[in-house]
$ cat query10.csv   # CSV, C-alpha atoms and all ligand atoms
chain,number,residue,atom,x,y,z
A,644,MET,CA,-154.1,171.9,79.1
A,645,ILE,CA,-155.5,169.0,77.0
A,646,ILE,CA,-153.7,165.7,77.3
A,647,SER,CA,-154.1,163.2,74.5
A,648,PRO,CA,-155.5,159.8,75.5
A,649,PHE,CA,-152.2,158.3,74.7
A,650,LYS,CA,-150.2,160.6,77.0
A,651,TRP,CA,-152.9,160.2,79.6
A,652,THR,CA,-152.4,156.4,79.5
A,653,LEU,CA,-148.6,156.9,79.7
A,654,LEU,CA,-149.1,159.1,82.8
A,655,LEU,CA,-151.3,156.5,84.4
A,656,VAL,CA,-148.8,153.8,83.5
A,657,ALA,CA,-146.1,155.8,85.2
A,658,ILE,CA,-148.3,156.2,88.2
A,659,ILE,CA,-148.9,152.5,88.6
A,660,ALA,CA,-145.2,151.9,88.3
A,661,VAL,CA,-144.7,153.9,91.5
A,662,GLN,CA,-146.9,151.7,93.6
A,663,PRO,CA,-144.8,148.7,94.4
A,664,ILE,CA,-142.0,150.9,95.7
A,665,LEU,CA,-144.4,152.3,98.3
A,666,SER,CA,-145.4,149.0,99.9
A,667,THR,CA,-143.5,147.5,102.8
A,668,ALA,CA,-144.4,144.8,105.4
A,669,VAL,CA,-147.6,145.2,107.4
A,670,PRO,CA,-146.7,146.3,111.0
A,671,GLU,CA,-147.6,144.4,114.2
A,672,SER,CA,-151.2,144.8,115.6
A,673,ASN,CA,-150.2,146.9,118.7
A,674,GLU,CA,-148.2,149.2,116.4
A,675,ILE,CA,-151.3,149.4,114.2
A,676,SER,CA,-153.6,150.7,116.9
A,677,ASP,CA,-150.9,153.2,118.0
A,678,LEU,CA,-150.7,154.4,114.5
A,679,GLN,CA,-154.4,154.6,114.1
A,680,GLN,CA,-154.6,157.1,117.0
A,681,SER,CA,-152.3,159.6,115.4
A,682,LYS,CA,-153.4,162.8,113.6
A,683,ARG,CA,-151.3,161.7,110.7
A,684,TYR,CA,-153.2,158.5,110.3
A,685,LYS,CA,-156.6,160.2,110.5
A,686,LEU,CA,-155.5,162.6,107.8
A,687,VAL,CA,-154.3,160.0,105.4
A,688,ALA,CA,-157.3,157.8,106.2
A,689,PHE,CA,-159.6,160.7,105.1
A,690,ALA,CA,-157.4,161.2,102.0
A,691,PHE,CA,-157.5,157.5,101.2
A,692,GLU,CA,-161.3,157.2,101.4
A,693,ASN,CA,-161.9,160.3,99.3
A,694,LEU,CA,-159.2,159.5,96.8
A,695,HIS,CA,-160.8,156.1,96.3
A,696,ARG,CA,-164.2,157.8,95.7
A,697,SER,CA,-162.7,160.3,93.3
A,698,LEU,CA,-161.1,157.5,91.2
A,699,TRP,CA,-164.3,155.5,91.0
A,700,PRO,CA,-167.0,158.2,91.2
A,701,GLU,CA,-170.6,157.1,90.9
A,702,GLU,CA,-171.0,159.4,87.9
A,703,LEU,CA,-168.7,157.0,86.0
A,704,TYR,CA,-171.2,154.1,86.1
A,705,PRO,CA,-173.8,155.5,83.6
A,706,ALA,CA,-171.1,156.3,81.1
A,707,MET,CA,-169.6,152.9,81.5
A,708,LYS,CA,-173.0,151.3,81.1
A,709,ASN,CA,-173.7,153.2,77.9
A,710,TYR,CA,-170.3,152.2,76.5
A,711,LEU,CA,-170.7,148.5,77.3
A,712,ASN,CA,-174.3,148.4,76.1
A,713,ASP,CA,-173.3,150.1,72.9
A,714,VAL,CA,-170.5,147.6,72.3
A,715,LYS,CA,-172.9,144.8,73.1
A,716,LYS,CA,-175.6,146.0,70.7
A,717,TRP,CA,-173.1,146.3,68.0
A,718,SER,CA,-171.4,143.0,68.7
A,719,ASP,CA,-174.8,141.2,68.8
A,720,HIS,CA,-175.4,142.1,65.1
A,721,ASP,CA,-172.0,142.5,63.4
A,722,GLU,CA,-171.6,139.6,61.0
A,723,MET,CA,-167.9,140.1,60.6
A,724,LEU,CA,-167.3,140.0,64.3
A,725,GLN,CA,-169.5,136.9,64.7
A,726,GLN,CA,-167.0,135.1,62.5
A,727,SER,CA,-164.1,135.8,64.8
A,728,GLN,CA,-162.7,132.9,66.8
A,729,TYR,CA,-163.0,135.2,69.9
A,730,TYR,CA,-166.6,136.0,69.4
A,731,VAL,CA,-168.0,133.7,72.1
A,732,LYS,CA,-165.4,134.8,74.6
A,733,ILE,CA,-166.1,138.5,73.8
A,734,GLN,CA,-169.9,138.0,74.4
A,735,GLN,CA,-169.3,136.2,77.7
A,736,THR,CA,-166.8,138.8,78.9
A,737,LEU,CA,-169.1,141.7,77.9
A,738,LYS,CA,-171.9,140.0,79.9
A,739,THR,CA,-169.7,139.6,83.0
A,740,CYS,CA,-168.6,143.3,82.7
A,741,LEU,CA,-172.2,144.4,82.6
A,742,ASP,CA,-173.2,142.2,85.5
A,743,LEU,CA,-170.3,143.5,87.6
A,744,LEU,CA,-171.2,147.0,86.7
A,745,GLU,CA,-174.8,146.4,87.7
A,746,GLU,CA,-173.7,145.2,91.1
A,747,LEU,CA,-171.3,148.1,91.5
A,748,SER,CA,-174.1,150.6,90.6
A,749,ASN,CA,-176.2,149.1,93.4
A,750,HIS,CA,-173.3,148.9,95.9
A,751,PRO,CA,-170.8,151.6,95.0
A,752,PHE,CA,-167.2,151.7,96.2
A,753,ASN,CA,-166.9,148.0,96.6
A,754,CYS,CA,-163.2,147.6,96.1
A,755,SER,CA,-163.1,143.9,95.1
A,756,GLN,CA,-165.9,144.5,92.6
A,757,GLU,CA,-164.0,147.4,91.1
A,758,THR,CA,-160.9,145.3,90.8
A,759,ALA,CA,-162.9,142.5,89.2
A,760,LEU,CA,-164.5,144.9,86.7
A,761,LYS,CA,-161.2,146.4,85.7
A,762,ALA,CA,-159.7,142.9,85.2
A,763,LYS,CA,-162.6,141.8,83.1
A,764,HIS,CA,-162.5,144.9,81.0
A,765,ASP,CA,-158.8,144.4,80.5
A,766,THR,CA,-159.6,141.0,79.1
A,767,LEU,CA,-162.3,142.5,76.8
A,768,LYS,CA,-159.8,145.0,75.5
A,769,ALA,CA,-157.2,142.3,74.8
A,770,LEU,CA,-159.9,140.2,73.0
A,771,PHE,CA,-160.9,143.2,70.7
A,772,LYS,CA,-157.3,143.9,70.0
A,773,SER,CA,-157.0,140.2,68.8
A,774,VAL,CA,-160.0,140.0,66.5
A,775,GLU,CA,-159.0,139.2,63.0
A,776,SER,CA,-161.0,141.9,61.2
A,777,GLU,CA,-159.3,145.3,61.3
A,778,ARG,CA,-162.6,147.0,60.8
A,779,CYS,CA,-164.0,145.3,63.9
A,780,GLN,CA,-160.9,146.4,65.9
A,781,GLN,CA,-161.5,150.0,64.8
A,782,MET,CA,-165.2,149.9,65.5
A,783,TRP,CA,-164.5,148.8,69.1
A,784,ALA,CA,-161.6,151.3,69.4
A,785,SER,CA,-163.7,154.3,68.4
A,786,LYS,CA,-166.4,153.3,71.0
A,787,TYR,CA,-163.8,152.9,73.6
A,788,LEU,CA,-162.1,156.2,72.8
A,789,ASP,CA,-165.5,157.9,73.0
A,790,PHE,CA,-166.0,156.5,76.5
A,791,THR,CA,-162.5,157.4,77.7
A,792,LEU,CA,-163.1,161.0,76.6
A,793,GLN,CA,-166.3,161.1,78.7
A,794,MET,CA,-164.5,159.4,81.5
A,795,ARG,CA,-161.7,162.0,81.5
A,796,THR,CA,-164.2,164.8,82.0
A,797,ILE,CA,-165.9,162.9,84.9
A,798,LEU,CA,-162.6,162.0,86.5
A,799,ARG,CA,-161.3,165.5,86.1
A,800,LYS,CA,-164.4,166.9,88.0
A,801,SER,CA,-164.1,164.3,90.8
A,802,ALA,CA,-160.4,164.9,91.1
A,803,ASP,CA,-161.0,168.7,91.5
A,804,LYS,CA,-163.6,167.9,94.2
A,805,PHE,CA,-161.0,165.7,95.9
A,806,TYR,CA,-158.3,168.4,95.8
A,807,ILE,CA,-160.7,170.8,97.6
A,808,LEU,CA,-161.4,168.2,100.3
A,809,LEU,CA,-157.7,167.4,100.7
A,810,THR,CA,-156.7,171.0,100.8
A,811,ALA,CA,-159.2,171.7,103.6
A,812,ALA,CA,-158.2,168.5,105.5
A,813,VAL,CA,-154.5,169.4,105.4
A,814,ALA,CA,-155.3,173.0,106.5
A,815,ALA,CA,-157.3,171.8,109.5
A,816,TYR,CA,-154.5,169.3,110.3
A,817,ASP,CA,-151.9,172.0,110.0
A,818,LYS,CA,-153.9,174.2,112.4
A,819,SER,CA,-154.2,171.4,114.9
A,820,LEU,CA,-150.4,170.9,115.3
A,821,ASP,CA,-148.4,172.3,118.2
A,822,GLU,CA,-144.8,173.5,117.7
A,823,VAL,CA,-143.1,170.2,118.2
A,824,GLU,CA,-145.6,168.4,115.9
A,825,GLU,CA,-145.0,171.0,113.3
A,826,TYR,CA,-141.4,170.1,113.3
A,827,GLU,CA,-142.1,166.4,113.1
A,828,GLU,CA,-144.8,166.8,110.4
A,829,VAL,CA,-142.7,169.1,108.2
A,830,ASP,CA,-142.9,166.7,105.3
A,831,ILE,CA,-146.6,167.2,105.0
A,832,LEU,CA,-146.4,171.0,105.5
A,833,ARG,CA,-143.7,171.2,102.8
A,834,TRP,CA,-145.8,169.1,100.5
A,835,ASN,CA,-148.8,171.3,101.1
A,836,GLU,CA,-147.0,174.5,100.1
A,837,ARG,CA,-146.3,172.9,96.7
A,838,PHE,CA,-149.7,171.4,96.4
A,839,ILE,CA,-151.5,174.7,97.1
A,840,LYS,CA,-149.4,176.6,94.5
A,841,GLU,CA,-149.8,174.0,91.8
A,842,THR,CA,-152.4,174.8,89.2
A,843,ASP,CA,-151.6,172.2,86.5
A,844,PHE,CA,-154.0,169.3,86.7
A,845,SER,CA,-151.6,166.5,85.9
A,846,ARG,CA,-148.9,167.8,88.3
A,847,LYS,CA,-151.5,167.9,91.0
A,848,GLN,CA,-152.2,164.2,90.3
A,849,LEU,CA,-148.6,163.4,90.7
A,850,LEU,CA,-148.4,165.4,93.9
A,851,THR,CA,-151.4,163.4,95.2
A,852,ILE,CA,-149.4,160.2,94.6
A,853,GLU,CA,-146.4,161.8,96.3
A,854,PHE,CA,-148.7,162.7,99.3
A,855,MET,CA,-149.9,159.1,99.6
A,856,GLY,CA,-146.2,158.1,99.5
A,857,LEU,CA,-145.5,160.1,102.7
A,858,PHE,CA,-147.4,157.5,104.7
A,859,PRO,CA,-146.0,154.0,103.9
A,860,ASP,CA,-146.9,152.5,107.3
A,861,GLU,CA,-150.4,154.0,107.4
A,862,ARG,CA,-151.0,153.0,103.8
A,863,ASN,CA,-150.2,149.4,104.6
A,864,ILE,CA,-153.0,149.3,107.1
A,865,LEU,CA,-155.4,151.2,104.9
A,866,GLU,CA,-154.6,149.2,101.8
A,867,SER,CA,-155.0,145.8,103.5
A,868,ASP,CA,-158.6,145.6,102.2
A,869,CYS,CA,-158.3,147.8,99.2
A,870,LYS,CA,-155.4,148.8,97.1
A,871,ILE,CA,-155.7,152.2,95.5
A,872,GLN,CA,-156.1,151.8,91.8
A,873,TYR,CA,-155.1,155.0,90.1
A,874,THR,CA,-156.2,153.7,86.8
A,875,ASN,CA,-159.8,152.4,87.3
A,876,PHE,CA,-161.4,151.5,84.0
A,877,LEU,CA,-158.6,152.2,81.5
B,1,LIG,C1,-168.2,143.5,97.9
B,1,LIG,O1,-168.8,142.6,97.1
B,1,LIG,C2,-168.5,141.2,97.3
B,1,LIG,C3,-169.2,140.4,96.2
B,1,LIG,O2,-170.5,140.8,96.0
B,1,LIG,C4,-169.1,140.9,98.7
B,1,LIG,O3,-168.9,139.5,99.0
B,1,LIG,C5,-168.4,141.8,99.7
B,1,LIG,O4,-169.0,141.5,101.0
B,1,LIG,C6,-168.6,143.2,99.4
B,1,LIG,N1,-167.7,144.0,100.3
B,1,LIG,C7,-168.2,145.1,101.0
B,1,LIG,C8,-167.2,145.8,101.8
B,1,LIG,O5,-169.3,145.4,100.9
$ encode --input "query10.csv" --output "structure tokens" --more "lines below"
Ligand SMILES: *[C@@H]1O[C@H](CO)[C@@H](O)[C@H](O)[C@H]1NC(C)=O
Amino acid sequence: MIISPFKWTLLLVAIIAVQPILSTAVPESNEISDLQQSKRYKLVAFAFENLHRSLWPEELYPAMKNYLNDVKKWSDHDEMLQQSQYYVKIQQTLKTCLDLLEELSNHPFNCSQETALKAKHDTLKALFKSVESERCQQMWASKYLDFTLQMRTILRKSADKFYILLTAAVAAYDKSLDEVEEYEEVDILRWNERFIKETDFSRKQLLTIEFMGLFPDERNILESDCKIQYTNFL
């Protein structure tokens, strides 16, 4: 199934909206170490790490770099854009985005850098949407759309890779359970039955969010340094 960029954005917006519901208070430190010993925690920690990697795959950086450099090259020379009251701010923001991206390429998966890059790029998008010239707005939009199409392909691949890892991890986890544990962990096993059967890519994404939602306490520990950003560069 092909999802239009617009629907794709809507889906991601829906996904972010789920997030606040999932957060509760961080547990006490002795409860934390107990939790961290559990099979459940180890499973979700593995999922968390690999989900993060699949949402910010290294393959994304060259595509981002091309897109930002392309926008920069165009904006350096476009006379109409240079007349915009936002021009200086656009140039500065572009430079910051490129600097952050460079650091990220050298040290991938740094959560605070990813967050900073996303925030800066959000600023850049807002600036381009505010420029007075409609032609300039459209020029930027077409470059951005081109990038999002590439990004979608990359993210699709990295998500598929993640689903394979997650499926294997849950299968190993399932095997490791004794009868009593199987009873206690029935939420994960039920989820897994649905996940294995699901072939639609978007519904698998939603099931991934549902999976992470099964672990509110564990997630609070895992997300104390790094909140999952289901949206990365959009
Ligand atoms: C992430 O990058 C920031 C800024 O460069 C740095 O201060 C921080 O130590 C890095 N974090 C990790 C986990 O490497």
$ closest_atom_pairs --input "query10.csv" --of "chain A" --to "ligand LIG 1 (chain B)" --cutoff "8 Å" --atoms "all atoms listed in the file" --output "Markdown table"
| residue | atom | partner | partner_atom | distance |
| --- | --- | --- | --- | --- |
| A:Glu746 | CA | B:LIG1 | O2 | 7.3 |
| A:His750 | CA | B:LIG1 | O5 | 7.3 |
| A:Asn753 | CA | B:LIG1 | C1 | 4.9 |
| A:Cys754 | CA | B:LIG1 | C1 | 6.7 |
| A:Ser755 | CA | B:LIG1 | C1 | 5.8 |
| A:Gln756 | CA | B:LIG1 | O1 | 5.7 |
$ closest_atom_pairs --input "query10.csv" --of "range 827-853 of chain A" --to "range 677-693 of chain A" --cutoff "10 Å" --atoms "all atoms listed in the file" --output "JSON lines"
{"residue": "A:Glu828", "atom": "CA", "partner": "A:Arg683", "partner_atom": "CA", "distance": 8.3}
{"residue": "A:Ile831", "atom": "CA", "partner": "A:Arg683", "partner_atom": "CA", "distance": 9.2}
{"residue": "A:Thr851", "atom": "CA", "partner": "A:Ala690", "partner_atom": "CA", "distance": 9.3}
$ closest_residue --input "query10.csv" --among "A:Glu757, A:Ile675, A:Ser773, A:Glu722" --to "Arg862 in chain A" --atoms "only C-alpha atoms"
A:Ile675
$ closest_residue --input "query10.csv" --among "A:Leu767, A:Met723, A:Leu820, A:Ala814" --to "Thr739 in chain A" --atoms "all atoms listed in the file"
A:Leu767
$ closest_residue --input "query10.csv" --among "A:Val714, A:Cys779, A:Ala802, A:Val774" --to "Pro700 in chain A" --atoms "all atoms listed in the file"
A:Ala802
